[in-house]
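Participant: Below is the file query-v1.txt, with compact mmCIF, C-alpha atoms.
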# COMPACT_ATOMS: atom_id res chain seq x y z
CA MET Q 226 222.02 229.21 -28.26
CA MET Q 227 220.20 227.72 -31.26
CA ARG Q 228 217.16 226.80 -29.29
CA PRO Q 229 215.36 230.18 -28.86
CA ALA Q 230 215.83 230.93 -32.55
CA CYS Q 231 214.48 227.54 -33.47
CA ILE Q 232 211.45 227.96 -31.22
CA ALA Q 233 210.81 231.38 -32.70
CA ALA Q 234 210.98 229.95 -36.19
CA CYS Q 235 208.63 227.14 -35.28
CA LEU Q 236 206.17 229.55 -33.74
CA ALA Q 237 206.32 231.72 -36.83
CA ILE Q 238 205.60 228.72 -39.05
CA ALA Q 239 202.80 227.61 -36.77
CA ALA Q 240 201.33 231.11 -36.82
CA VAL Q 241 201.36 231.15 -40.62
CA CYS Q 242 199.83 227.72 -40.80
CA ALA Q 243 197.18 228.51 -38.22
CA GLN Q 244 195.82 231.52 -40.05
CA PRO Q 245 192.10 231.12 -40.43
CA GLY Q 246 190.94 230.13 -43.86
CA THR Q 247 194.20 228.55 -44.89
CA THR Q 248 194.45 224.85 -45.63
CA TYR Q 249 198.15 224.25 -45.07
CA ALA Q 250 198.93 220.70 -44.08
CA VAL Q 251 200.23 221.40 -40.61
CA GLU Q 252 200.79 217.78 -39.71
CA ALA Q 253 203.93 216.09 -40.96
CA ALA Q 254 203.53 213.18 -43.33
CA LEU Q 255 202.81 209.90 -41.62
CA PRO Q 256 205.75 207.51 -41.46
CA ASP Q 257 205.73 204.73 -44.01
CA ASP Q 258 205.35 202.12 -41.28
CA SER Q 259 202.54 203.84 -39.39
CA VAL Q 260 199.35 201.83 -38.91
CA TYR Q 261 197.50 205.13 -39.42
CA GLN Q 262 198.29 204.80 -43.13
CA LEU Q 263 195.16 202.66 -43.20
CA ASP Q 264 192.03 204.55 -44.24
CA ALA Q 265 189.26 203.53 -41.88
CA MET Q 266 186.31 205.22 -40.20
CA LEU Q 267 185.12 204.51 -36.68
CA VAL Q 268 182.82 205.98 -34.05
CA ASP Q 269 183.72 206.30 -30.38
CA GLN Q 270 181.73 205.61 -27.22
CA PHE Q 271 180.14 209.07 -27.53
CA ALA Q 272 179.01 208.27 -31.10
CA ARG Q 273 181.53 210.75 -32.48
CA PRO Q 274 182.86 209.70 -35.87
CA LEU Q 275 186.61 209.73 -36.39
CA ARG Q 276 189.23 208.49 -38.80
CA PHE Q 277 191.65 205.83 -37.62
CA ARG Q 278 194.48 208.31 -38.15
CA ASP Q 279 192.87 210.80 -35.80
CA LEU Q 280 194.32 208.65 -33.02
CA ARG Q 281 197.71 210.08 -33.98
CA GLY Q 282 199.29 212.47 -31.49
CA LYS Q 283 200.18 210.43 -28.46
CA PRO Q 284 201.35 206.90 -27.69
CA ARG Q 285 198.51 204.43 -27.44
CA LEU Q 286 198.01 200.90 -26.24
CA VAL Q 287 195.49 199.31 -28.61
CA THR Q 288 193.64 196.02 -28.52
CA MET Q 289 190.54 194.43 -30.05
CA ILE Q 290 187.59 193.05 -28.11
CA TYR Q 291 183.86 192.45 -28.38
CA THR Q 292 181.63 193.48 -25.53
CA GLN Q 293 179.41 190.37 -25.53
CA CYS Q 294 182.48 188.28 -24.81
CA LYS Q 295 182.15 186.43 -21.53
CA TYR Q 296 185.49 184.76 -20.98
CA VAL Q 297 188.58 186.17 -22.62
CA CYS Q 298 187.80 189.80 -23.38
CA PRO Q 299 187.27 190.84 -19.75
CA MET Q 300 190.75 189.45 -19.16
CA ILE Q 301 192.05 191.49 -22.10
CA VAL Q 302 190.66 194.65 -20.50
CA ASP Q 303 192.25 193.48 -17.23
CA SER Q 304 195.58 193.24 -19.01
CA VAL Q 305 195.34 196.80 -20.32
CA GLN Q 306 194.24 198.04 -16.91
CA ALA Q 307 197.22 196.23 -15.36
CA VAL Q 308 199.47 198.35 -17.57
CA GLU Q 309 197.53 201.48 -16.59
CA ARG Q 310 197.98 200.66 -12.90
CA GLY Q 311 201.71 200.17 -13.46
CA LEU Q 312 202.11 203.80 -14.54
CA THR Q 313 202.59 206.95 -12.49
CA PRO Q 314 199.77 209.55 -12.61
CA ALA Q 315 202.00 211.75 -14.76
CA GLU Q 316 202.62 208.92 -17.22
CA ARG Q 317 198.92 208.15 -17.42
CA LEU Q 318 198.28 211.65 -18.75
CA ARG Q 319 200.48 211.01 -21.75
CA ILE Q 320 199.07 207.73 -23.05
CA GLY Q 321 195.76 206.60 -24.53
CA PHE Q 322 194.14 203.18 -24.10
CA VAL Q 323 192.09 202.08 -27.09
CA LEU Q 324 189.67 199.17 -27.32
CA ILE Q 325 188.45 198.48 -30.86
CA SER Q 326 185.41 196.28 -31.32
CA MET Q 327 185.50 193.33 -33.70
CA ASP Q 328 181.69 193.16 -33.44
CA PRO Q 329 180.43 196.44 -34.94
CA LYS Q 330 176.94 194.97 -35.44
CA ARG Q 331 176.28 194.78 -31.73
CA ASP Q 332 178.88 197.10 -30.22
CA THR Q 333 176.94 200.32 -30.55
CA PRO Q 334 178.24 203.45 -28.86
CA ALA Q 335 175.77 202.68 -26.05
CA ALA Q 336 177.25 199.20 -25.60
CA LEU Q 337 180.74 200.73 -25.54
CA GLN Q 338 179.59 203.35 -23.05
CA ALA Q 339 178.27 200.55 -20.82
CA VAL Q 340 181.74 198.99 -20.75
CA MET Q 341 183.19 202.38 -19.78
CA THR Q 342 180.82 202.48 -16.84
CA THR Q 343 181.03 198.90 -15.61
CA ARG Q 344 184.81 198.81 -15.96
CA ARG Q 345 185.17 202.33 -14.48
CA LEU Q 346 187.38 203.47 -17.34
CA ASN Q 347 188.64 207.03 -17.25
CA PRO Q 348 187.19 208.76 -20.33
CA ALA Q 349 190.21 211.06 -20.49
CA ALA Q 350 192.47 208.09 -21.16
CA TRP Q 351 190.25 205.41 -22.69
CA THR Q 352 188.72 205.38 -26.15
CA LEU Q 353 186.31 202.64 -27.19
CA LEU Q 354 185.76 202.36 -30.91
CA ARG Q 355 183.34 200.74 -33.29
CA PRO Q 356 184.81 200.42 -36.82
CA GLU Q 357 182.73 200.57 -39.95
CA GLU Q 358 181.97 197.01 -40.92
CA THR Q 359 183.79 197.23 -44.24
CA GLY Q 360 186.97 198.47 -42.57
CA LEU Q 361 187.07 195.96 -39.73
CA ARG Q 362 189.21 193.28 -41.37
CA GLY Q 363 191.73 195.90 -42.43
CA ILE Q 364 192.10 197.30 -38.91
CA ALA Q 365 192.52 193.79 -37.53
CA GLY Q 366 195.04 193.04 -40.27
CA ILE Q 367 197.14 196.07 -39.59
CA LEU Q 368 197.20 195.29 -35.86
CA GLY Q 369 197.96 191.61 -36.51
CA VAL Q 370 194.69 190.34 -35.02
CA ARG Q 371 193.05 187.29 -36.61
CA TYR Q 372 189.38 186.61 -35.90
CA ARG Q 373 186.40 184.61 -37.11
CA ALA Q 374 182.79 185.36 -36.27
CA LEU Q 375 180.99 182.23 -35.03
CA ALA Q 376 177.38 181.36 -35.71
CA ASP Q 377 176.38 181.88 -32.05
CA GLY Q 378 177.68 185.46 -31.97
CA GLU Q 379 180.95 184.63 -30.24
CA PHE Q 380 184.30 185.21 -31.92
CA ASN Q 381 187.34 183.08 -32.35
CA HIS Q 382 190.24 185.50 -32.15
CA THR Q 383 193.85 186.05 -31.36
CA THR Q 384 194.76 188.60 -28.72
CA GLU Q 385 197.23 191.38 -29.26
CA LEU Q 386 198.03 194.33 -27.05
CA VAL Q 387 199.77 196.66 -29.47
CA LEU Q 388 201.84 199.64 -28.31
CA LEU Q 389 201.91 202.47 -30.86
CA ASP Q 390 204.09 205.56 -30.71
CA ALA Q 391 202.51 208.98 -31.31
CA ASP Q 392 202.84 208.49 -35.08
CA GLY Q 393 201.32 205.02 -35.11
CA ARG Q 394 204.46 202.91 -35.38
CA ILE Q 395 204.25 199.58 -33.61
CA LEU Q 396 206.79 199.57 -30.76
CA ALA Q 397 205.81 196.43 -28.88
CA ARG Q 398 203.08 193.82 -28.69
CA SER Q 399 201.93 191.29 -26.15
CA ALA Q 400 199.66 188.27 -26.41
CA GLN Q 401 199.71 187.65 -22.67
CA ILE Q 402 196.27 187.65 -21.09
CA GLY Q 403 195.67 187.14 -17.41
CA GLY Q 404 198.36 186.48 -14.86
CA GLY Q 405 199.08 190.12 -14.07
CA VAL Q 406 200.95 192.69 -16.10
CA ASP Q 407 203.26 191.79 -18.98
CA ARG Q 408 206.49 193.27 -17.61
CA GLY Q 409 208.14 193.55 -21.02
CA LEU Q 410 205.18 195.49 -22.36
CA LEU Q 411 205.01 197.74 -19.31
CA ALA Q 412 208.71 198.54 -19.71
CA ALA Q 413 208.14 199.44 -23.37
CA VAL Q 414 205.20 201.69 -22.43
CA ARG Q 415 207.25 203.48 -19.76
CA ALA Q 416 210.15 203.90 -22.19
CA VAL Q 417 207.97 205.66 -24.79
CA LEU Q 418 206.40 207.87 -22.10
CA ALA Q 419 209.75 208.91 -20.65
CA PRO Q 420 210.09 212.70 -20.96
CA MET J 185 179.85 223.24 -86.12
CA ILE J 186 181.50 223.10 -82.75
CA THR J 187 178.27 221.90 -81.25
CA ARG J 188 178.02 219.12 -83.78
CA ARG J 189 181.60 218.02 -83.10
CA LEU J 190 180.95 218.09 -79.42
CA LEU J 191 177.82 216.04 -79.88
CA MET J 192 179.78 213.55 -81.96
CA LEU J 193 182.42 213.40 -79.28
CA PHE J 194 179.80 212.85 -76.62
CA GLY J 195 178.21 210.19 -78.78
CA MET J 196 181.51 208.41 -79.13
CA LEU J 197 182.24 208.74 -75.45
CA SER J 198 178.92 207.32 -74.45
CA LEU J 199 179.40 204.49 -76.94
CA THR J 200 182.79 203.74 -75.39
CA CYS J 201 181.24 203.79 -71.95
CA ALA J 202 178.46 201.47 -73.05
CA VAL J 203 181.00 198.99 -74.46
CA ALA J 204 183.09 199.18 -71.31
CA ALA J 205 180.01 198.61 -69.18
CA ALA J 206 179.04 195.60 -71.28
CA ASP J 207 182.55 194.17 -70.91
CA LYS J 208 182.39 194.68 -67.19
CA ALA J 209 178.94 193.18 -66.91
CA GLY J 210 180.17 190.22 -68.94
CA ASN J 211 182.89 189.61 -66.45
CA TRP J 212 180.53 189.05 -63.53
CA VAL J 213 178.99 185.66 -62.88
CA SER J 214 175.93 185.24 -60.66
CA LEU J 215 176.04 182.37 -58.19
CA PRO J 216 172.78 181.23 -56.61
CA GLY J 217 174.22 180.47 -53.17
CA ASP J 218 173.45 177.42 -51.11
CA VAL J 219 173.92 175.76 -47.78
CA PHE J 220 177.51 174.68 -48.22
CA ARG J 221 179.65 172.37 -46.16
CA SER J 222 183.25 173.49 -46.00
CA ALA J 223 186.11 171.02 -46.14
CA LEU J 224 187.12 172.81 -42.94
CA GLU J 225 185.58 171.58 -39.75
CA LEU J 226 183.45 174.45 -38.48
CA PRO J 227 181.94 173.30 -35.19
CA ASP J 228 179.64 176.32 -34.99
CA VAL J 229 177.93 175.47 -38.29
CA PRO J 230 177.80 171.65 -38.34
CA ASP J 231 175.15 171.62 -41.08
CA GLY J 232 177.03 173.95 -43.36
CA ASN J 233 177.16 177.65 -44.05
CA ASN J 234 174.28 179.47 -45.64
CA ILE J 235 175.80 181.36 -48.55
CA PRO J 236 173.47 184.04 -49.95
CA PRO J 237 173.47 184.70 -53.71
CA PHE J 238 176.49 186.70 -54.85
CA GLU J 239 178.49 187.60 -57.93
CA LEU J 240 182.08 186.76 -58.68
CA GLU J 241 184.41 187.94 -61.42
CA ARG J 242 184.71 185.35 -64.18
CA THR J 243 188.52 185.47 -64.14
CA PRO J 244 191.21 186.72 -61.76
CA VAL J 245 192.20 190.40 -61.99
CA THR J 246 194.93 190.89 -64.62
CA ASN J 247 198.11 192.97 -64.67
CA GLY J 248 196.40 195.21 -67.24
CA GLU J 249 193.38 195.83 -65.00
CA PHE J 250 195.54 196.42 -61.96
CA LEU J 251 197.71 198.87 -63.90
CA GLU J 252 194.59 200.93 -64.69
CA PHE J 253 193.75 200.95 -60.99
CA VAL J 254 197.26 202.00 -59.98
CA ARG J 255 197.22 204.81 -62.53
CA ALA J 256 193.88 206.06 -61.23
CA HIS J 257 194.98 205.64 -57.60
CA PRO J 258 198.68 206.53 -57.47
CA ARG J 259 198.72 205.87 -53.74
CA TRP J 260 198.91 202.18 -54.71
CA ARG J 261 201.97 202.54 -56.94
CA ARG J 262 204.78 200.37 -55.62
CA ASP J 263 206.98 203.45 -55.09
CA ARG J 264 204.31 205.25 -53.06
CA VAL J 265 202.43 202.59 -51.14
CA PRO J 266 203.16 202.65 -47.38
CA ALA J 267 205.12 199.66 -46.16
CA VAL J 268 202.35 198.73 -43.71
CA LEU J 269 199.95 198.18 -46.62
CA ALA J 270 202.24 196.32 -49.01
CA GLU J 271 205.58 194.65 -48.49
CA SER J 272 208.70 195.53 -50.50
CA ARG J 273 208.07 192.90 -53.20
CA TYR J 274 204.65 194.38 -54.05
CA LEU J 275 204.33 194.56 -57.89
CA SER J 276 208.06 193.87 -58.10
CA HIS J 277 207.58 191.96 -61.36
CA TRP J 278 206.50 195.12 -63.19
CA THR J 279 209.07 197.11 -65.16
CA GLY J 280 208.14 200.37 -63.46
CA PRO J 281 205.74 201.73 -60.83
CA ALA J 282 203.16 202.41 -63.55
CA ALA J 283 204.38 200.18 -66.40
CA LEU J 284 204.16 196.44 -66.96
CA GLY J 285 207.00 195.52 -69.32
CA LEU J 286 207.78 192.11 -70.75
CA THR J 287 207.78 190.26 -67.44
CA ALA J 288 204.18 191.18 -66.67
CA LEU J 289 201.84 190.83 -69.62
CA PRO J 290 198.50 192.68 -69.48
CA GLU J 291 196.40 189.50 -69.74
CA GLN J 292 198.31 187.57 -67.09
CA PRO J 293 196.76 187.45 -63.62
CA VAL J 294 198.23 190.11 -61.34
CA THR J 295 200.34 188.66 -58.53
CA TRP J 296 202.64 190.20 -55.94
CA VAL J 297 199.65 192.06 -54.50
CA SER J 298 198.94 192.53 -50.81
CA TRP J 299 195.52 191.98 -49.24
CA PHE J 300 195.22 195.71 -48.58
CA ALA J 301 195.87 196.47 -52.26
CA ALA J 302 193.45 193.79 -53.47
CA GLU J 303 190.81 195.08 -51.08
CA ALA J 304 191.33 198.67 -52.26
CA TYR J 305 191.05 197.55 -55.90
CA CYS J 306 187.72 195.82 -55.34
CA ARG J 307 186.42 198.71 -53.26
CA ALA J 308 187.26 201.09 -56.12
CA LYS J 309 185.03 198.90 -58.32
CA ASN J 310 182.18 199.08 -55.79
CA ALA J 311 182.89 195.47 -55.01
CA ARG J 312 184.72 193.50 -52.31
CA LEU J 313 186.86 190.41 -51.98
CA PRO J 314 184.93 187.14 -51.74
CA THR J 315 184.76 185.46 -48.36
CA TRP J 316 186.51 182.14 -47.92
CA ASN J 317 183.12 180.41 -47.86
CA GLU J 318 182.11 182.01 -51.13
CA TRP J 319 185.42 181.13 -52.75
CA GLU J 320 185.38 177.53 -51.57
CA TYR J 321 181.77 177.13 -52.67
CA ALA J 322 182.53 178.54 -56.15
CA ALA J 323 185.67 176.44 -56.45
CA ALA J 324 183.92 173.18 -55.54
CA ALA J 325 182.48 172.95 -59.06
CA ASP J 326 184.03 171.18 -62.00
CA ALA J 327 182.94 171.70 -65.61
CA VAL J 328 179.54 170.06 -65.13
CA ARG J 329 178.84 169.58 -61.41
CA ARG J 330 178.43 172.28 -58.79
CA ASP J 331 180.06 170.09 -56.18
CA ALA J 332 182.64 167.71 -57.58
CA ARG J 333 184.71 167.53 -54.43
CA SER J 334 184.03 163.88 -53.73
CA ASP J 335 185.27 162.79 -57.15
CA PRO J 336 188.82 161.38 -56.78
CA ALA J 337 189.61 162.03 -60.46
CA TRP J 338 188.80 165.73 -60.10
CA ARG J 339 190.87 165.98 -56.96
CA GLU J 340 193.79 164.45 -58.82
CA THR J 341 193.51 167.04 -61.56
CA ILE J 342 193.69 169.87 -59.03
CA LEU J 343 196.53 168.31 -57.12
CA ALA J 344 198.49 167.85 -60.33
CA TRP J 345 198.54 171.64 -60.64
CA TYR J 346 199.87 172.11 -57.13
CA SER J 347 202.73 169.74 -57.88
CA ARG J 348 203.66 171.55 -61.11
CA PRO J 349 206.84 173.63 -60.85
CA SER J 350 206.09 177.35 -60.65
CA THR J 351 209.09 178.49 -62.66
CA GLN J 352 207.10 178.83 -65.89
CA PRO J 353 205.54 182.22 -66.73
CA LEU J 354 201.86 182.39 -65.77
CA PRO J 355 199.39 181.78 -68.62
CA ALA J 356 196.82 184.43 -69.52
CA VAL J 357 193.55 184.40 -67.59
CA GLY J 358 190.51 182.70 -69.12
CA ALA J 359 192.34 179.88 -70.95
CA ASP J 360 191.06 177.32 -68.46
CA GLN J 361 187.79 175.47 -69.04
CA ALA J 362 184.86 177.23 -67.39
CA ASN J 363 183.32 175.52 -64.37
CA ALA J 364 179.62 174.77 -63.97
CA TYR J 365 178.92 178.41 -63.06
CA GLY J 366 180.98 179.82 -65.92
CA LEU J 367 183.93 180.81 -63.69
CA ARG J 368 187.47 180.24 -64.88
CA ASP J 369 190.89 179.76 -63.29
CA LEU J 370 189.73 179.04 -59.74
CA HIS J 371 192.22 176.19 -59.85
CA GLY J 372 195.33 175.86 -61.91
CA LEU J 373 196.45 179.47 -62.33
CA VAL J 374 197.02 181.45 -59.14
CA TRP J 375 196.02 181.37 -55.50
CA GLU J 376 193.57 184.06 -54.50
CA TRP J 377 193.09 186.42 -51.58
CA VAL J 378 189.79 186.26 -49.71
CA GLU J 379 188.23 188.99 -47.59
CA ASP J 380 188.53 186.99 -44.37
CA TYR J 381 192.01 185.56 -44.98
CA SER J 382 192.73 186.19 -41.30
CA ALA J 383 189.68 184.22 -40.16
CA LEU J 384 191.36 180.99 -41.15
CA LEU J 385 192.82 180.22 -37.77
CA VAL J 386 194.38 177.01 -38.82
CA SER J 387 197.84 175.76 -38.11
CA ALA J 388 200.06 175.43 -41.18
CA ASP J 389 200.77 171.91 -40.05
CA ASN J 390 197.46 170.25 -39.32
CA ARG J 391 199.05 167.87 -36.84
CA GLU J 392 200.09 170.70 -34.57
CA GLN J 393 196.60 171.45 -33.41
CA GLY J 394 195.93 170.98 -29.78
CA ALA J 395 196.05 172.71 -26.47
CA ALA J 396 198.64 175.28 -27.53
CA ASP J 397 196.54 176.51 -30.44
CA SER J 398 193.38 176.55 -28.39
CA LEU J 399 195.08 178.96 -26.04
CA LYS J 400 196.55 181.07 -28.77
CA TYR J 401 193.16 181.35 -30.42
CA CYS J 402 191.45 182.60 -27.38
CA GLY J 403 189.29 179.99 -25.77
CA ALA J 404 188.22 178.27 -28.95
CA ALA J 405 190.10 175.69 -30.91
CA ALA J 406 191.72 176.42 -34.23
CA LEU J 407 189.98 175.03 -37.26
CA SER J 408 190.77 171.60 -38.51
CA MET J 409 189.96 169.69 -41.64
CA SER J 410 186.84 167.58 -41.63
CA ASP J 411 187.65 166.31 -45.09
CA ARG J 412 191.25 165.20 -44.83
CA ASP J 413 191.42 164.01 -48.42
CA ASN J 414 190.81 167.51 -49.69
CA TYR J 415 194.47 168.50 -49.76
CA ALA J 416 193.93 171.27 -52.27
CA VAL J 417 191.69 173.15 -49.84
CA LEU J 418 194.02 172.42 -46.95
CA MET J 419 196.94 173.86 -48.90
CA ARG J 420 195.00 177.01 -49.77
CA VAL J 421 193.93 177.52 -46.19
CA ALA J 422 197.38 176.85 -44.82
CA MET J 423 198.85 179.35 -47.26
CA LEU J 424 196.29 182.06 -46.51
CA SER J 425 196.55 181.53 -42.76
CA SER J 426 200.31 182.04 -42.95
CA LEU J 427 200.04 185.46 -44.61
CA GLU J 428 199.95 188.96 -43.20
CA GLY J 429 197.76 191.55 -44.90
CA ALA J 430 200.77 193.37 -46.35
CA GLY J 431 202.24 190.15 -47.71
CA ALA J 432 202.56 189.30 -51.40
CA THR J 433 203.77 186.26 -53.30
CA ALA J 434 204.58 185.28 -56.89
CA ASN J 435 201.50 183.04 -57.17
CA LEU J 436 198.89 184.94 -55.20
CA GLY J 437 196.33 187.10 -56.99
CA PHE J 438 192.63 187.79 -56.44
CA ARG J 439 189.26 188.43 -58.01
CA CYS J 440 186.41 190.57 -56.70
CA ALA J 441 182.93 189.66 -55.52
CA ARG J 442 179.80 191.66 -54.91
CA SER J 443 176.39 191.15 -53.41
CA PRO J 444 173.43 191.77 -55.70
Will you turn the file into structure tokens for me?
Facilitator:
Amino acid sequence: MMRPACIAACLAIAAVCAQPGTTYAVEAALPDDSVYQLDAMLVDQFARPLRFRDLRGKPRLVTMIYTQCKYVCPMIVDSVQAVERGLTPAERLRIGFVLISMDPKRDTPAALQAVMTTRRLNPAAWTLLRPEETGLRGIAGILGVRYRALADGEFNHTTELVLLDADGRILARSAQIGGGVDRGLLAAVRAVLAP
Amino acid sequence: MITRRLLMLFGMLSLTCAVAAADKAGNWVSLPGDVFRSALELPDVPDGNNIPPFELERTPVTNGEFLEFVRAHPRWRRDRVPAVLAESRYLSHWTGPAALGLTALPEQPVTWVSWFAAEAYCRAKNARLPTWNEWEYAAAADAVRRDARSDPAWRETILAWYSRPSTQPLPAVGADQANAYGLRDLHGLVWEWVEDYSALLVSADNREQGAADSLKYCGAAALSMSDRDNYAVLMRVAMLSSLEGAGATANLGFRCARSP
């Protein structure tokens, strides 16, 4: 009984907020424990700039890589793809997969685009991001990734697959790379995608 | 009349600004940079790290300075900062969210600050946190030598501080003898955040290093100490490597750096 009234009220509010020329803050305040509280700028594989918090809006599985990486990072992408394969087509429409580079010097949008192509990543679901250099350590910090750039261009780094809810709260993480899908992580992903 | 008063006011303002600028300039120390060998074993740079010239603040950031920052950037007040950027004990030694009180004197080094807060402070000053390499290089100097690390007597002095109980209130910044560059309080007052705190992939217990760590750290081994007698550096690194970016402790502060 309450529901139609509530929907009507919501629509009315949305209509007011959506009036052209107004600057109402339509989006609710970010939760205190949202990683999107971090101010950071990035560009995606299409060279479009975005704020870290623009990723808000749907659950995302986020990890950090560098595209020159020969050994471990391809396995990290494998691990994310293993989760993607574990989902139904309907579930896949509701989640985003995000790879953030820890090597912004070399991971240009073109380099990120090349990974999209060679790994056959669906651009509707996958976002590859190059952070601004000054914001990189902060993004890694908020995701719990530790890294050190080596003299030869490689990186020493920890691996984290981090599951965020639509508001950027960390729901689950996995450090498992290789050896198929992390079943615990997959279960957490399916739980957040459940209608 | 009004014009004259305004002019006077402007004159005074610009004088104030000039004094403030001089103070600020006086707080920066230029370091020439060098090829520097860390006490950490860095297999990728066996001959040492090339550290370009940079500037470092003479003393750690104080409660008074951090209060100014918090007032100008209320997002970093302890009652407004998001939990992901600073843990619950952030600035907990202050009387209020924008007031120091008797337990946090203006000239004492600020502590209970997270990495994110320290980074934001330096960024607001058009500066940054020093890297670990820069910090270690600056802190290798004693009063007369730029690299006193091999002197057992100097090592003893530093270690004596680490073994001192931390129940006493912190002294004011700047009371320590300046080192060869003119920097103060790198040892003996507080521990300091560095920009790449999370690059120090070292086990808290140096003996634990081995296959497990190599796996955890993604195909490359964790760092280890090449200079095992340099306990002071090992303790710093172990402490920093155990921290999360939102973490804060009673003895951890920071100072800013900038590139010329």
Participant: Please identify all polymer residues within 9 Å of segment 333-346 of chain Q, counting all atoms listed in the file, omitting same-chain residues fewer than 6 positions from it, and present them as an mmCIF file with C-alpha atoms, in the frame of the given file.
Facilitator:
data_model
loop_
_atom_site.group_PDB
_atom_site.id
_atom_site.type_symbol
_atom_site.label_atom_id
_atom_site.label_comp_id
_atom_site.auth_asym_id
_atom_site.auth_seq_id
_atom_site.Cartn_x
_atom_site.Cartn_y
_atom_site.Cartn_z
ATOM 1 C CA VAL Q 268 182.820 205.980 -34.050
ATOM 2 C CA ASP Q 269 183.720 206.300 -30.380
ATOM 3 C CA GLN Q 270 181.730 205.610 -27.220
ATOM 4 C CA PHE Q 271 180.140 209.070 -27.530
ATOM 5 C CA ALA Q 272 179.010 208.270 -31.100
ATOM 6 C CA ARG Q 273 181.530 210.750 -32.480
ATOM 7 C CA THR Q 292 181.630 193.480 -25.530
ATOM 8 C CA VAL Q 302 190.660 194.650 -20.500
ATOM 9 C CA GLN Q 306 194.240 198.040 -16.910
ATOM 10 C CA SER Q 326 185.410 196.280 -31.320
ATOM 11 C CA THR Q 352 188.720 205.380 -26.150
ATOM 12 C CA LEU Q 353 186.310 202.640 -27.190
ATOM 13 C CA LEU Q 354 185.760 202.360 -30.910
ATOM 14 C CA ARG Q 355 183.340 200.740 -33.290
#
Participant: Need to verify the contact set: segment 408-419 of chain Q, 12 Å, only C-alpha atoms, exclusion of same-chain residues closer than 5 positions in sequence. Can you return it as a PyMOL selection string?
Facilitator: chain Q and resi 283-287+304-322+385-392+394-402
Participant: Go through chain Q residue by residue and, counting all atoms listed in the file, keep those with an atom at most 10 Å from chain J; for each kept residue give the shortest atom pair and its distance in Å to one decimal, ordered by chain and increasing number, as a Markdown table.
Facilitator:
| residue | atom | partner | partner_atom | distance |
| --- | --- | --- | --- | --- |
| Q:Leu255 | CA | J:Pro266 | CA | 9.3 |
| Q:Pro256 | CA | J:Pro266 | CA | 8.1 |
| Q:Asp257 | CA | J:Pro266 | CA | 4.7 |
| Q:Asp258 | CA | J:Val268 | CA | 5.1 |
| Q:Ser259 | CA | J:Val268 | CA | 6.7 |
| Q:Val260 | CA | J:Val268 | CA | 6.5 |
| Q:Tyr261 | CA | J:Val268 | CA | 9.1 |
| Q:Gln262 | CA | J:Pro266 | CA | 6.8 |
| Q:Leu263 | CA | J:Leu269 | CA | 7.4 |
| Q:Asp264 | CA | J:Ala304 | CA | 10.0 |
| Q:Tyr296 | CA | J:Gly403 | CA | 7.8 |
| Q:Val297 | CA | J:Cys402 | CA | 6.6 |
| Q:Cys298 | CA | J:Cys402 | CA | 9.0 |
| Q:Thr359 | CA | J:Arg312 | CA | 8.9 |
| Q:Gly360 | CA | J:Glu303 | CA | 9.9 |
| Q:Arg362 | CA | J:Asp380 | CA | 7.0 |
| Q:Gly363 | CA | J:Phe300 | CA | 7.1 |
| Q:Ala365 | CA | J:Ser382 | CA | 8.5 |
| Q:Gly366 | CA | J:Gly429 | CA | 5.6 |
| Q:Ile367 | CA | J:Gly429 | CA | 7.0 |
| Q:Leu368 | CA | J:Gly429 | CA | 9.8 |
| Q:Gly369 | CA | J:Glu428 | CA | 7.5 |
| Q:Val370 | CA | J:Ser382 | CA | 7.8 |
| Q:Arg371 | CA | J:Ser382 | CA | 4.8 |
| Q:Tyr372 | CA | J:Ala383 | CA | 4.9 |
| Q:Arg373 | CA | J:Ala383 | CA | 4.5 |
| Q:Ala374 | CA | J:Ala383 | CA | 8.0 |
| Q:Leu375 | CA | J:Asp228 | CA | 6.1 |
| Q:Ala376 | CA | J:Asp228 | CA | 5.6 |
| Q:Asp377 | CA | J:Asp228 | CA | 7.1 |
| Q:Gly378 | CA | J:Asp228 | CA | 9.8 |
| Q:Glu379 | CA | J:Asp228 | CA | 9.7 |
| Q:Phe380 | CA | J:Ala404 | CA | 8.5 |
| Q:Asn381 | CA | J:Ala404 | CA | 6.0 |
| Q:His382 | CA | J:Tyr401 | CA | 5.4 |
| Q:Thr383 | CA | J:Tyr401 | CA | 4.8 |
| Q:Thr384 | CA | J:Cys402 | CA | 7.0 |
| Q:Arg394 | CA | J:Val268 | CA | 9.6 |
| Q:Ala400 | CA | J:Lys400 | CA | 8.2 |
| Q:Gln401 | CA | J:Lys400 | CA | 9.5 |
| Q:Ile402 | CA | J:Cys402 | CA | 9.4 |
Participant: Hey, which of Q:Ala253, Q:Ala349, Q:Ile364, Q:Cys294 ends up closest to Arg281 of chain Q? Count all atoms listed in the file.
Facilitator: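 The closest residue to Arg281 of chain Q is Q:Ala253.
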Participant: Got a sec: who's within 8 Å of Asp218 of chain J, counting only C-alpha atoms, leaving out chain neighbours fewer than 5 positions off, as a ChimeraX atom specification?
Facilitator: /J:233-237
Participant: Using atom CA of Val294 of chain J and atom CA of Thr433 of chain J as the two end points, give the distance in Å to one decimal.
Facilitator: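 Straight-line distance from atom CA of Val294 of chain J to atom CA of Thr433 of chain J works out to 10.5 Å.
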